[in-house]
$ cat input-v1.csv   # CSV, C-alpha atoms and all ligand atoms
chain,number,residue,atom,x,y,z
N,116,MET,CA,146.9,66.1,183.3
N,117,THR,CA,146.6,69.5,184.8
N,118,GLY,CA,148.3,72.7,183.5
N,119,PRO,CA,150.8,74.8,185.5
N,120,LEU,CA,149.8,77.1,188.3
N,121,THR,CA,150.1,80.7,187.2
N,122,ILE,CA,149.3,84.1,188.6
N,123,GLY,CA,147.6,86.8,186.7
N,124,ILE,CA,147.6,90.4,187.8
N,125,ASP,CA,145.4,93.0,186.3
N,126,LEU,CA,146.7,96.5,187.0
N,127,GLY,CA,144.1,99.2,186.5
N,128,GLY,CA,143.7,102.8,187.3
N,129,THR,CA,141.2,102.0,190.1
N,130,GLN,CA,142.0,98.5,191.2
N,131,VAL,CA,144.9,96.0,191.3
N,132,ARG,CA,143.6,92.4,191.1
N,133,ALA,CA,145.4,89.2,191.3
N,134,ALA,CA,144.4,85.6,190.7
N,135,LEU,CA,145.9,82.2,191.1
N,136,VAL,CA,144.9,80.4,187.9
N,137,ARG,CA,145.1,76.8,186.5
N,138,ASP,CA,143.8,75.8,183.2
N,139,GLY,CA,141.9,79.0,182.8
N,140,GLU,CA,140.1,78.5,186.1
N,141,VAL,CA,140.5,81.1,188.9
N,142,LEU,CA,141.4,79.2,192.1
N,143,ARG,CA,141.7,82.2,194.4
N,144,ARG,CA,141.6,86.0,193.8
N,145,ALA,CA,142.1,89.2,195.7
N,146,ALA,CA,142.0,92.9,194.9
N,147,GLU,CA,143.0,96.3,196.4
N,148,LYS,CA,142.3,99.8,195.4
N,149,THR,CA,145.3,101.0,193.3
N,150,ASP,CA,147.7,103.0,195.5
N,151,LYS,CA,148.4,106.1,193.5
N,152,SER,CA,150.3,107.9,196.3
N,153,GLY,CA,153.8,107.6,195.0
N,154,GLY,CA,154.4,106.2,191.6
N,155,PRO,CA,155.1,102.5,190.9
N,156,MET,CA,156.8,101.3,194.1
N,157,PRO,CA,153.7,101.3,196.3
N,158,VAL,CA,151.9,99.4,193.6
N,159,ILE,CA,154.7,96.8,193.3
N,160,ALA,CA,154.3,96.3,197.1
N,161,GLN,CA,150.6,95.7,196.4
N,162,PHE,CA,151.5,93.1,193.9
N,163,GLU,CA,153.5,91.3,196.6
N,164,ARG,CA,150.7,91.5,199.1
N,165,LEU,CA,148.1,90.2,196.6
N,166,ILE,CA,150.3,87.4,195.5
N,167,ALA,CA,150.9,86.4,199.1
N,168,THR,CA,147.1,86.4,199.5
N,169,VAL,CA,146.2,84.3,196.5
N,170,CYS,CA,149.1,81.9,196.8
N,171,GLN,CA,150.1,80.0,199.9
N,172,ASP,CA,153.8,79.4,200.5
N,173,ALA,CA,153.6,75.7,199.5
N,174,GLU,CA,152.0,76.6,196.2
N,175,ARG,CA,154.4,79.4,195.5
N,176,ALA,CA,157.2,77.1,194.7
N,177,ARG,CA,155.0,75.5,192.0
N,178,VAL,CA,154.0,78.8,190.3
N,179,ALA,CA,155.2,78.6,186.7
N,180,GLY,CA,154.8,82.2,185.8
N,181,LEU,CA,153.4,85.6,186.5
N,182,GLY,CA,151.4,87.5,183.8
N,183,VAL,CA,150.7,91.2,184.3
N,184,SER,CA,148.2,93.2,182.3
N,185,ALA,CA,149.0,96.9,182.6
N,186,PRO,CA,147.5,100.0,181.0
N,187,GLY,CA,149.4,101.3,178.0
N,188,PRO,CA,151.0,102.6,176.1
N,189,LEU,CA,153.5,99.9,177.0
N,190,ASP,CA,156.5,98.5,175.2
N,191,THR,CA,155.6,94.8,175.7
N,192,GLU,CA,158.9,93.5,174.4
N,193,ALA,CA,161.1,95.7,176.7
N,194,GLY,CA,158.4,95.7,179.4
N,195,VAL,CA,158.6,99.5,179.9
N,196,VAL,CA,155.6,101.5,180.7
N,197,LEU,CA,155.7,104.5,178.4
N,198,ASP,CA,153.1,106.5,180.0
N,199,VAL,CA,149.8,105.8,181.9
N,200,PRO,CA,147.4,108.7,182.1
N,201,THR,CA,145.5,107.0,184.9
N,202,LEU,CA,148.7,106.3,187.0
N,203,PRO,CA,150.8,109.4,187.8
N,204,GLY,CA,154.5,108.9,188.1
N,205,TRP,CA,154.8,105.8,185.9
N,206,ARG,CA,156.4,107.3,182.8
N,207,ASP,CA,159.3,105.2,181.5
N,208,PHE,CA,159.1,102.8,184.4
N,209,PRO,CA,160.9,99.5,183.7
N,210,LEU,CA,158.0,97.3,184.9
N,211,LEU,CA,159.2,94.0,183.5
N,212,GLN,CA,162.8,94.4,184.8
N,213,THR,CA,161.6,95.4,188.3
N,214,LEU,CA,159.2,92.5,188.5
N,215,ARG,CA,161.9,90.0,187.4
N,216,GLN,CA,164.1,91.2,190.1
N,217,ARG,CA,161.4,90.9,192.8
N,218,PHE,CA,159.9,87.6,191.9
N,219,GLU,CA,161.3,84.2,191.5
N,220,PHE,CA,159.0,83.1,188.7
N,221,PRO,CA,159.1,84.1,185.0
N,222,VAL,CA,157.2,87.3,184.3
N,223,VAL,CA,155.4,88.5,181.2
N,224,VAL,CA,153.8,91.9,180.8
N,225,GLU,CA,151.0,92.7,178.4
N,226,ASN,CA,149.0,95.7,177.4
N,227,ASP,CA,145.3,96.1,178.4
N,228,GLY,CA,142.7,98.3,176.9
N,229,ILE,CA,140.2,97.1,174.3
N,230,ALA,CA,141.9,94.1,172.7
N,231,ALA,CA,140.7,91.4,170.5
N,232,GLY,CA,141.7,87.9,169.4
N,233,VAL,CA,140.5,87.4,165.9
N,234,VAL,CA,140.0,83.7,165.0
N,235,ILE,CA,139.5,83.1,161.2
N,236,ASP,CA,138.8,79.6,160.0
N,237,GLY,CA,139.8,78.2,163.3
N,238,ARG,CA,143.2,80.1,163.5
N,239,LEU,CA,144.1,83.0,165.6
N,240,ILE,CA,145.5,85.7,163.3
N,241,HIS,CA,148.8,87.1,164.5
N,242,GLY,CA,150.1,89.5,161.8
N,243,ARG,CA,153.5,91.1,161.7
N,244,ARG,CA,155.2,90.9,165.2
N,245,GLY,CA,152.0,89.5,166.6
N,246,MET,CA,150.4,92.9,166.3
N,247,ALA,CA,147.2,92.1,164.4
N,248,ALA,CA,143.8,93.1,165.6
N,249,HIS,CA,144.7,96.1,167.7
N,250,VAL,CA,141.0,96.9,167.5
N,251,GLY,CA,141.2,99.3,170.5
N,252,HIS,CA,142.8,101.8,168.1
N,253,LEU,CA,140.1,101.5,165.3
N,254,ARG,CA,139.3,105.1,164.6
N,255,LEU,CA,135.6,105.7,165.2
N,256,SER,CA,135.7,109.5,165.1
N,257,LEU,CA,137.9,112.2,163.6
N,258,ASP,CA,137.6,114.2,166.8
N,259,GLY,CA,136.8,113.3,170.4
N,260,PRO,CA,139.0,112.2,173.3
N,261,ILE,CA,142.7,111.7,172.9
N,262,CYS,CA,143.7,108.0,173.1
N,263,ASP,CA,146.6,106.6,175.1
N,264,CYS,CA,148.2,106.0,171.7
N,265,GLY,CA,148.2,109.7,171.0
N,266,ALA,CA,145.5,109.7,168.3
N,267,VAL,CA,142.0,110.9,168.8
N,268,GLY,CA,138.7,109.1,168.5
N,269,CYS,CA,140.0,105.5,168.9
N,270,PHE,CA,137.5,102.8,169.9
N,271,GLU,CA,139.2,102.4,173.3
N,272,ALA,CA,139.3,106.1,173.9
N,273,LEU,CA,135.5,106.1,173.5
N,274,ALA,CA,134.4,102.8,174.9
N,275,SER,CA,136.9,101.3,177.4
N,276,GLY,CA,135.8,100.7,181.0
N,277,THR,CA,138.4,103.3,182.1
N,278,VAL,CA,136.8,105.9,179.9
N,279,LEU,CA,133.3,105.0,181.0
N,280,GLY,CA,134.7,105.6,184.5
N,281,GLU,CA,135.8,109.1,183.5
N,282,ARG,CA,132.4,109.9,182.0
N,283,THR,CA,130.8,108.6,185.2
N,284,ARG,CA,132.9,111.1,187.3
N,285,ALA,CA,132.1,113.9,184.9
N,286,ALA,CA,128.4,113.1,185.2
N,287,ALA,CA,128.7,113.2,189.0
N,288,ALA,CA,130.3,116.6,188.9
N,289,LEU,CA,127.5,117.9,186.7
N,290,ASP,CA,124.7,116.9,189.1
N,291,PRO,CA,126.0,116.8,192.7
N,292,ALA,CA,122.5,116.1,194.0
N,293,GLY,CA,122.0,113.1,191.7
N,294,PHE,CA,122.7,109.4,192.4
N,295,LEU,CA,126.3,109.7,191.1
N,296,GLY,CA,126.9,113.1,192.7
N,297,GLN,CA,125.9,111.9,196.1
N,298,LEU,CA,128.0,108.8,195.8
N,299,ALA,CA,131.0,110.9,194.6
N,300,ALA,CA,130.9,112.8,197.9
N,301,ARG,CA,131.7,109.6,199.7
N,302,GLN,CA,134.0,107.7,197.4
N,303,ALA,CA,136.0,107.7,194.1
N,304,LEU,CA,133.7,106.6,191.3
N,305,ASP,CA,134.4,104.3,188.4
N,306,ALA,CA,132.4,102.6,185.7
N,307,SER,CA,130.9,100.1,188.1
N,308,HIS,CA,129.0,102.9,189.8
N,309,ALA,CA,127.3,103.9,186.6
N,310,VAL,CA,126.3,100.2,186.2
N,311,GLN,CA,125.0,100.1,189.7
N,312,GLY,CA,122.9,103.3,189.2
N,313,ALA,CA,121.6,102.0,185.8
N,314,ARG,CA,120.4,98.8,187.6
N,315,GLN,CA,118.4,101.0,190.0
N,316,GLY,CA,116.9,103.0,187.0
N,317,ASP,CA,118.8,106.2,187.6
N,318,PRO,CA,118.3,108.3,184.4
N,319,GLN,CA,121.9,109.7,184.3
N,320,CYS,CA,123.4,106.3,184.7
N,321,LEU,CA,121.1,104.8,182.1
N,322,ALA,CA,122.2,107.6,179.7
N,323,LEU,CA,125.9,106.7,180.4
N,324,LEU,CA,125.2,103.1,179.6
N,325,ASN,CA,123.3,104.0,176.4
N,326,GLU,CA,126.2,106.1,175.2
N,327,GLU,CA,128.6,103.2,176.0
N,328,ALA,CA,126.3,100.8,174.0
N,329,ASP,CA,126.4,103.2,171.1
N,330,TYR,CA,130.2,103.2,171.0
N,331,LEU,CA,130.4,99.5,171.4
N,332,GLY,CA,127.8,99.0,168.7
N,333,ALA,CA,129.8,101.3,166.3
N,334,GLY,CA,133.1,99.4,167.0
N,335,PHE,CA,131.5,96.0,166.7
N,336,THR,CA,129.8,96.9,163.4
N,337,THR,CA,133.2,97.8,162.0
N,338,LEU,CA,134.6,94.5,163.2
N,339,LEU,CA,131.7,92.6,161.5
N,340,HIS,CA,132.6,94.3,158.2
N,341,LEU,CA,136.3,93.7,158.6
N,342,TYR,CA,136.3,90.1,159.7
N,343,SER,CA,132.9,88.7,159.1
N,344,PRO,CA,132.8,86.6,162.3
N,345,GLU,CA,130.2,84.1,163.3
N,346,LEU,CA,130.0,85.6,166.7
N,347,ILE,CA,131.6,88.4,168.8
N,348,ILE,CA,132.5,87.4,172.3
N,349,MET,CA,132.8,90.2,174.8
N,350,GLY,CA,134.8,90.0,178.0
N,351,GLY,CA,136.4,92.4,180.4
N,352,GLY,CA,135.0,94.7,183.1
N,353,VAL,CA,132.4,96.4,180.9
N,354,SER,CA,130.9,93.0,180.1
N,355,GLU,CA,129.7,92.8,183.7
N,356,ALA,CA,127.0,95.1,182.4
N,357,PHE,CA,126.3,93.0,179.3
N,358,ASP,CA,122.6,92.5,180.1
N,359,LEU,CA,122.1,96.2,180.3
N,360,LEU,CA,124.2,97.0,177.2
N,361,SER,CA,123.2,94.2,174.9
N,362,PRO,CA,119.8,95.3,173.6
N,363,ARG,CA,121.1,98.7,172.4
N,364,VAL,CA,124.4,97.3,171.1
N,365,HIS,CA,122.5,94.9,168.9
N,366,GLN,CA,120.1,97.7,167.9
N,367,ARG,CA,123.0,99.8,166.7
N,368,MET,CA,124.7,96.9,164.9
N,369,HIS,CA,121.4,96.0,163.2
N,370,ARG,CA,120.9,99.6,162.1
N,371,ASP,CA,124.4,100.2,160.8
N,372,ALA,CA,125.7,96.8,159.5
N,373,MET,CA,125.2,95.9,155.9
N,374,PRO,CA,122.4,93.5,155.3
N,375,PRO,CA,124.3,90.2,155.3
N,376,PHE,CA,125.9,91.1,158.6
N,377,LYS,CA,122.9,92.2,160.5
N,378,LYS,CA,122.1,89.0,162.3
N,379,ILE,CA,125.5,88.5,163.9
N,380,GLN,CA,125.2,88.3,167.7
N,381,VAL,CA,127.5,89.5,170.5
N,382,VAL,CA,127.6,87.2,173.5
N,383,LYS,CA,129.2,87.6,176.9
N,384,ALA,CA,132.5,85.7,177.5
N,385,ALA,CA,132.2,82.9,180.1
N,386,LEU,CA,135.0,84.5,182.0
N,387,GLY,CA,133.3,87.9,182.1
N,388,GLY,CA,135.2,90.4,184.2
N,389,ASN,CA,137.9,87.8,185.0
N,390,SER,CA,139.1,87.7,181.4
N,391,GLY,CA,141.9,90.2,181.9
N,392,LEU,CA,143.2,88.2,184.9
N,393,VAL,CA,142.8,84.9,183.3
N,394,GLY,CA,144.3,86.2,180.0
N,395,ALA,CA,147.4,87.5,181.8
N,396,ALA,CA,147.8,84.2,183.6
N,397,ALA,CA,147.4,82.3,180.3
N,398,LEU,CA,150.2,84.4,178.8
N,399,ALA,CA,152.4,83.3,181.7
N,400,ALA,CA,151.4,79.7,181.2
N,401,ASP,CA,152.3,80.0,177.4
N,402,LYS,CA,155.6,81.4,178.3
N,403,ALA,CA,156.3,78.7,180.8
N,404,GLY,CA,155.4,76.1,178.2
N,405,GLN,CA,157.7,77.6,175.6
N,406,SER,CA,160.7,77.7,178.0
N,407,GLY,CA,160.1,74.0,178.8
N,408,GLY,CA,159.2,74.7,182.4
N,501,ZN,ZN,144.4,104.7,170.1
$ encode --input "input-v1.csv" --output "structure tokens" --more "lines below"
Ligand SMILES: [Zn+2]
Amino acid sequence: MTGPLTIGIDLGGTQVRAALVRDGEVLRRAAEKTDKSGGPMPVIAQFERLIATVCQDAERARVAGLGVSAPGPLDTEAGVVLDVPTLPGWRDFPLLQTLRQRFEFPVVVENDGIAAGVVIDGRLIHGRRGMAAHVGHLRLSLDGPICDCGAVGCFEALASGTVLGERTRAAAALDPAGFLGQLAARQALDASHAVQGARQGDPQCLALLNEEADYLGAGFTTLLHLYSPELIIMGGGVSEAFDLLSPRVHQRMHRDAMPPFKKIQVVKAALGGNSGLVGAAALAADKAGQSGG
């Protein structure tokens, strides 16, 4: 038996990615640079193009659902984007309603950012209204950058891939002659350019990755103390740099965790950078299953 075909879309401040997914496996995928020229509608047109790319006409009739992961804050029940700092013109946009009008398959919309599924004794914890484990909003600092949620110093305001991208652009502006500065003269930078530079040994990029590892280490240490997991599994875009980040993340956790927690390891999710896409598609599959389709 095979599961339903679903489409996952990962809407980010730099890229829109789409994948056709079955049973957690990406069958086809495509990406475009996010069109920020005129608010939501050009991006919705990108959704349509990407879906047409990953999904042939014959398959389209069999698609059981579309899952969209969008930056927040987002009212996931009403499907309304409240505000997206990385996407101008999106405030109060009824994303879910618009997509439901455009597409023939059921649509679910979910918030991205640093998110966690916490499995305790084999069970995923849900909490009231399914809102448990909003670990992106763990407060790591009493000052620092303002989070999308409005608070300051949240884990995700310090450590998300989007924020690493912001720090990458700031670093480029500080040193126009450096690796990042020169790249920035030719293209818009995101976190992947810091990773690229770090792989080539560029000191500024290595420092950015070290800082990222420090924030991840601090956040993960708090998760160890809260949940006492056997293992932390890290997915998402930043996990593409897992090999670079891992030694220092573990160093920080080893330094800061209480003794009985010191040996716990962080590993890279098998899905790596595709976890947002596959996660969004899995939500759509769940929804299709619930409604009996
Ligand atoms: Zn927050």
$ closest_residue --input "input-v1.csv" --among "N:Cys269, N:Met373, N:Val364, N:Ala313" --to "ligand ZN 501 (chain N)" --atoms "only C-alpha atoms and all ligand atoms"
N:Cys269
$ closest_atom_pairs --input "input-v1.csv" --of "chain N" --to "ligand ZN 501 (chain N)" --cutoff "7 Å" --atoms "only C-alpha atoms and all ligand atoms" --output "tab-separated table"
residue	atom	partner	partner_atom	distance
N:Gly251	CA	N:ZN501	ZN	6.3
N:His252	CA	N:ZN501	ZN	3.9
N:Cys262	CA	N:ZN501	ZN	4.5
N:Asp263	CA	N:ZN501	ZN	5.8
N:Cys264	CA	N:ZN501	ZN	4.3
N:Gly265	CA	N:ZN501	ZN	6.3
N:Ala266	CA	N:ZN501	ZN	5.4
N:Val267	CA	N:ZN501	ZN	6.8
N:Cys269	CA	N:ZN501	ZN	4.6
N:Glu271	CA	N:ZN501	ZN	6.5
N:Ala272	CA	N:ZN501	ZN	6.5
$ closest_residue --input "input-v1.csv" --among "N:Leu255, N:Gln319, N:Leu346, N:Leu304" --to "Thr129 of chain N" --atoms "all atoms listed in the file"
N:Leu304
$ residues_around --input "input-v1.csv" --residues "Arg215 of chain N" --least-positions-apart "5" --cutoff "12 Å" --atoms "only C-alpha atoms" --output "JSON, numbers by chain"
{"N": [159, 180, 181, 182, 183, 194, 209, 210, 220, 221, 222, 223, 224]}
$ atom_distance --input "input-v1.csv" --atom1 "atom CA of Pro155 of chain N" --atom2 "atom CA of Asp207 of chain N"
10.6 Å
$ atom_distance --input "input-v1.csv" --atom1 "atom CA of Asp258 of chain N" --atom2 "atom CA of Thr337 of chain N"
17.6 Å
$ residues_near_point --input "input-v1.csv" --point "(149.2, 77.8, 184.8)" --cutoff "6 Å" --atoms "all atoms listed in the file" --output "list in words"
Gly118, Pro119, Leu120, Thr121, Val136, Arg137, Asp138 and Ala400 of chain N
$ residues_around --input "input-v1.csv" --residues "Arg206 of chain N" --least-positions-apart "3" --cutoff "12 Å" --atoms "all atoms listed in the file" --output "JSON, numbers by chain"
{"N": [154, 155, 186, 187, 188, 189, 190, 195, 196, 197, 198, 199, 200, 201, 202, 203, 209, 210]}
$ atom_distance --input "input-v1.csv" --atom1 "atom CA of Glu355 of chain N" --atom2 "atom CA of Val382 of chain N"
11.8 Å
$ closest_residue --input "input-v1.csv" --among "N:Phe376, N:Leu321, N:Asp150, N:Arg132" --to "Ala396 of chain N" --atoms "only C-alpha atoms"
N:Arg132
$ residues_near_point --input "input-v1.csv" --point "(132.7, 98.8, 160.6)" --cutoff "10 Å" --atoms "all atoms listed in the file" --output "PyMOL selection string"
chain N and resi 253-255+332-342+368+371-373
$ residues_around --input "input-v1.csv" --residues "Glu163 of chain N" --least-positions-apart "5" --cutoff "9 Å" --atoms "all atoms listed in the file" --output "number ranges by chain"
N: 158, 168, 217-218
$ closest_residue --input "input-v1.csv" --among "N:Ile240, N:Ala306, N:Ala322, N:Met349" --to "Val278 of chain N" --atoms "all atoms listed in the file"
N:Ala306
$ closest_residue --input "input-v1.csv" --among "N:Leu324, N:Ile229, N:Met156, N:Ala292" --to "Gly204 of chain N" --atoms "all atoms listed in the file"
N:Met156
$ residues_around --input "input-v1.csv" --residues "Val169 of chain N" --least-positions-apart "6" --cutoff "6 Å" --atoms "all atoms listed in the file" --output "list in words"
Leu135, Arg143 and Arg144 of chain N
$ residues_around --input "input-v1.csv" --residues "Ala288 of chain N" --least-positions-apart "3" --cutoff "12 Å" --atoms "only C-alpha atoms" --output "list of chain:residue names"
N:Glu281, N:Arg282, N:Thr283, N:Arg284, N:Ala285, N:Pro291, N:Ala292, N:Gly293, N:Phe294, N:Leu295, N:Gly296, N:Gln297, N:Leu298, N:Ala299, N:Ala300, N:Ala303, N:Leu304, N:Gln319
$ closest_residue --input "input-v1.csv" --among "N:Lys383, N:His308, N:Arg367, N:Lys151" --to "Tyr330 of chain N" --atoms "all atoms listed in the file"
N:Arg367
$ decode --input "input-v1.csv" --residues "segment 172-193 of chain N" --atoms "N, CA and C atoms" --output "PDB file, in the first residue's frame"
ATOM      1  N   ASP N 172       0.117  16.752 -15.325  1.00  0.00           N
ATOM      2  CA  ASP N 172      -1.341  16.847 -15.356  1.00  0.00           C
ATOM      3  C   ASP N 172      -2.026  15.567 -14.882  1.00  0.00           C
ATOM      4  N   ALA N 173      -1.466  14.418 -15.319  1.00  0.00           N
ATOM      5  CA  ALA N 173      -2.086  13.137 -14.977  1.00  0.00           C
ATOM      6  C   ALA N 173      -2.025  12.894 -13.463  1.00  0.00           C
ATOM      7  N   GLU N 174      -0.930  13.356 -12.827  1.00  0.00           N
ATOM      8  CA  GLU N 174      -0.785  13.153 -11.380  1.00  0.00           C
ATOM      9  C   GLU N 174      -1.681  14.103 -10.594  1.00  0.00           C
ATOM     10  N   ARG N 175      -1.883  15.257 -11.178  1.00  0.00           N
ATOM     11  CA  ARG N 175      -2.555  16.332 -10.446  1.00  0.00           C
ATOM     12  C   ARG N 175      -3.930  15.900  -9.927  1.00  0.00           C
ATOM     13  N   ALA N 176      -4.607  15.099 -10.734  1.00  0.00           N
ATOM     14  CA  ALA N 176      -5.934  14.634 -10.335  1.00  0.00           C
ATOM     15  C   ALA N 176      -5.855  13.740  -9.091  1.00  0.00           C
ATOM     16  N   ARG N 177      -4.651  13.163  -8.851  1.00  0.00           N
ATOM     17  CA  ARG N 177      -4.520  12.244  -7.720  1.00  0.00           C
ATOM     18  C   ARG N 177      -3.910  12.906  -6.478  1.00  0.00           C
ATOM     19  N   VAL N 178      -3.630  14.208  -6.563  1.00  0.00           N
ATOM     20  CA  VAL N 178      -3.041  14.884  -5.407  1.00  0.00           C
ATOM     21  C   VAL N 178      -4.096  15.044  -4.310  1.00  0.00           C
ATOM     22  N   ALA N 179      -3.745  14.526  -3.117  1.00  0.00           N
ATOM     23  CA  ALA N 179      -4.730  14.514  -2.029  1.00  0.00           C
ATOM     24  C   ALA N 179      -4.704  15.781  -1.200  1.00  0.00           C
ATOM     25  N   GLY N 180      -3.659  16.563  -1.345  1.00  0.00           N
ATOM     26  CA  GLY N 180      -3.623  17.787  -0.547  1.00  0.00           C
ATOM     27  C   GLY N 180      -2.365  18.592  -0.783  1.00  0.00           C
ATOM     28  N   LEU N 181      -2.459  19.860  -0.402  1.00  0.00           N
ATOM     29  CA  LEU N 181      -1.335  20.781  -0.505  1.00  0.00           C
ATOM     30  C   LEU N 181      -1.044  21.331   0.894  1.00  0.00           C
ATOM     31  N   GLY N 182       0.201  21.188   1.339  1.00  0.00           N
ATOM     32  CA  GLY N 182       0.608  21.749   2.632  1.00  0.00           C
ATOM     33  C   GLY N 182       1.583  22.886   2.393  1.00  0.00           C
ATOM     34  N   VAL N 183       1.331  24.009   3.032  1.00  0.00           N
ATOM     35  CA  VAL N 183       2.194  25.171   2.834  1.00  0.00           C
ATOM     36  C   VAL N 183       2.802  25.576   4.171  1.00  0.00           C
ATOM     37  N   SER N 184       4.117  25.653   4.189  1.00  0.00           N
ATOM     38  CA  SER N 184       4.810  26.165   5.358  1.00  0.00           C
ATOM     39  C   SER N 184       5.201  27.612   5.066  1.00  0.00           C
ATOM     40  N   ALA N 185       4.688  28.533   5.872  1.00  0.00           N
ATOM     41  CA  ALA N 185       4.906  29.960   5.622  1.00  0.00           C
ATOM     42  C   ALA N 185       5.507  30.619   6.856  1.00  0.00           C
ATOM     43  N   PRO N 186       6.246  31.708   6.641  1.00  0.00           N
ATOM     44  CA  PRO N 186       6.805  32.385   7.796  1.00  0.00           C
ATOM     45  C   PRO N 186       5.692  33.021   8.628  1.00  0.00           C
ATOM     46  N   GLY N 187       5.930  33.150   9.900  1.00  0.00           N
ATOM     47  CA  GLY N 187       4.916  33.707  10.787  1.00  0.00           C
ATOM     48  C   GLY N 187       5.222  35.142  11.144  1.00  0.00           C
ATOM     49  N   PRO N 188       4.463  35.685  12.053  1.00  0.00           N
ATOM     50  CA  PRO N 188       3.366  35.014  12.728  1.00  0.00           C
ATOM     51  C   PRO N 188       2.183  34.774  11.798  1.00  0.00           C
ATOM     52  N   LEU N 189       1.548  33.662  12.066  1.00  0.00           N
ATOM     53  CA  LEU N 189       0.516  33.160  11.179  1.00  0.00           C
ATOM     54  C   LEU N 189      -0.580  32.582  12.059  1.00  0.00           C
ATOM     55  N   ASP N 190      -1.816  32.933  11.775  1.00  0.00           N
ATOM     56  CA  ASP N 190      -2.936  32.293  12.450  1.00  0.00           C
ATOM     57  C   ASP N 190      -3.219  31.016  11.671  1.00  0.00           C
ATOM     58  N   THR N 191      -2.760  29.861  12.167  1.00  0.00           N
ATOM     59  CA  THR N 191      -2.851  28.639  11.361  1.00  0.00           C
ATOM     60  C   THR N 191      -4.273  28.115  11.264  1.00  0.00           C
ATOM     61  N   GLU N 192      -5.136  28.485  12.218  1.00  0.00           N
ATOM     62  CA  GLU N 192      -6.528  28.027  12.124  1.00  0.00           C
ATOM     63  C   GLU N 192      -7.277  28.787  11.040  1.00  0.00           C
ATOM     64  N   ALA N 193      -7.149  30.124  11.053  1.00  0.00           N
ATOM     65  CA  ALA N 193      -7.821  30.932  10.037  1.00  0.00           C
ATOM     66  C   ALA N 193      -6.988  31.023   8.753  1.00  0.00           C
TER      67      ALA N 193
END
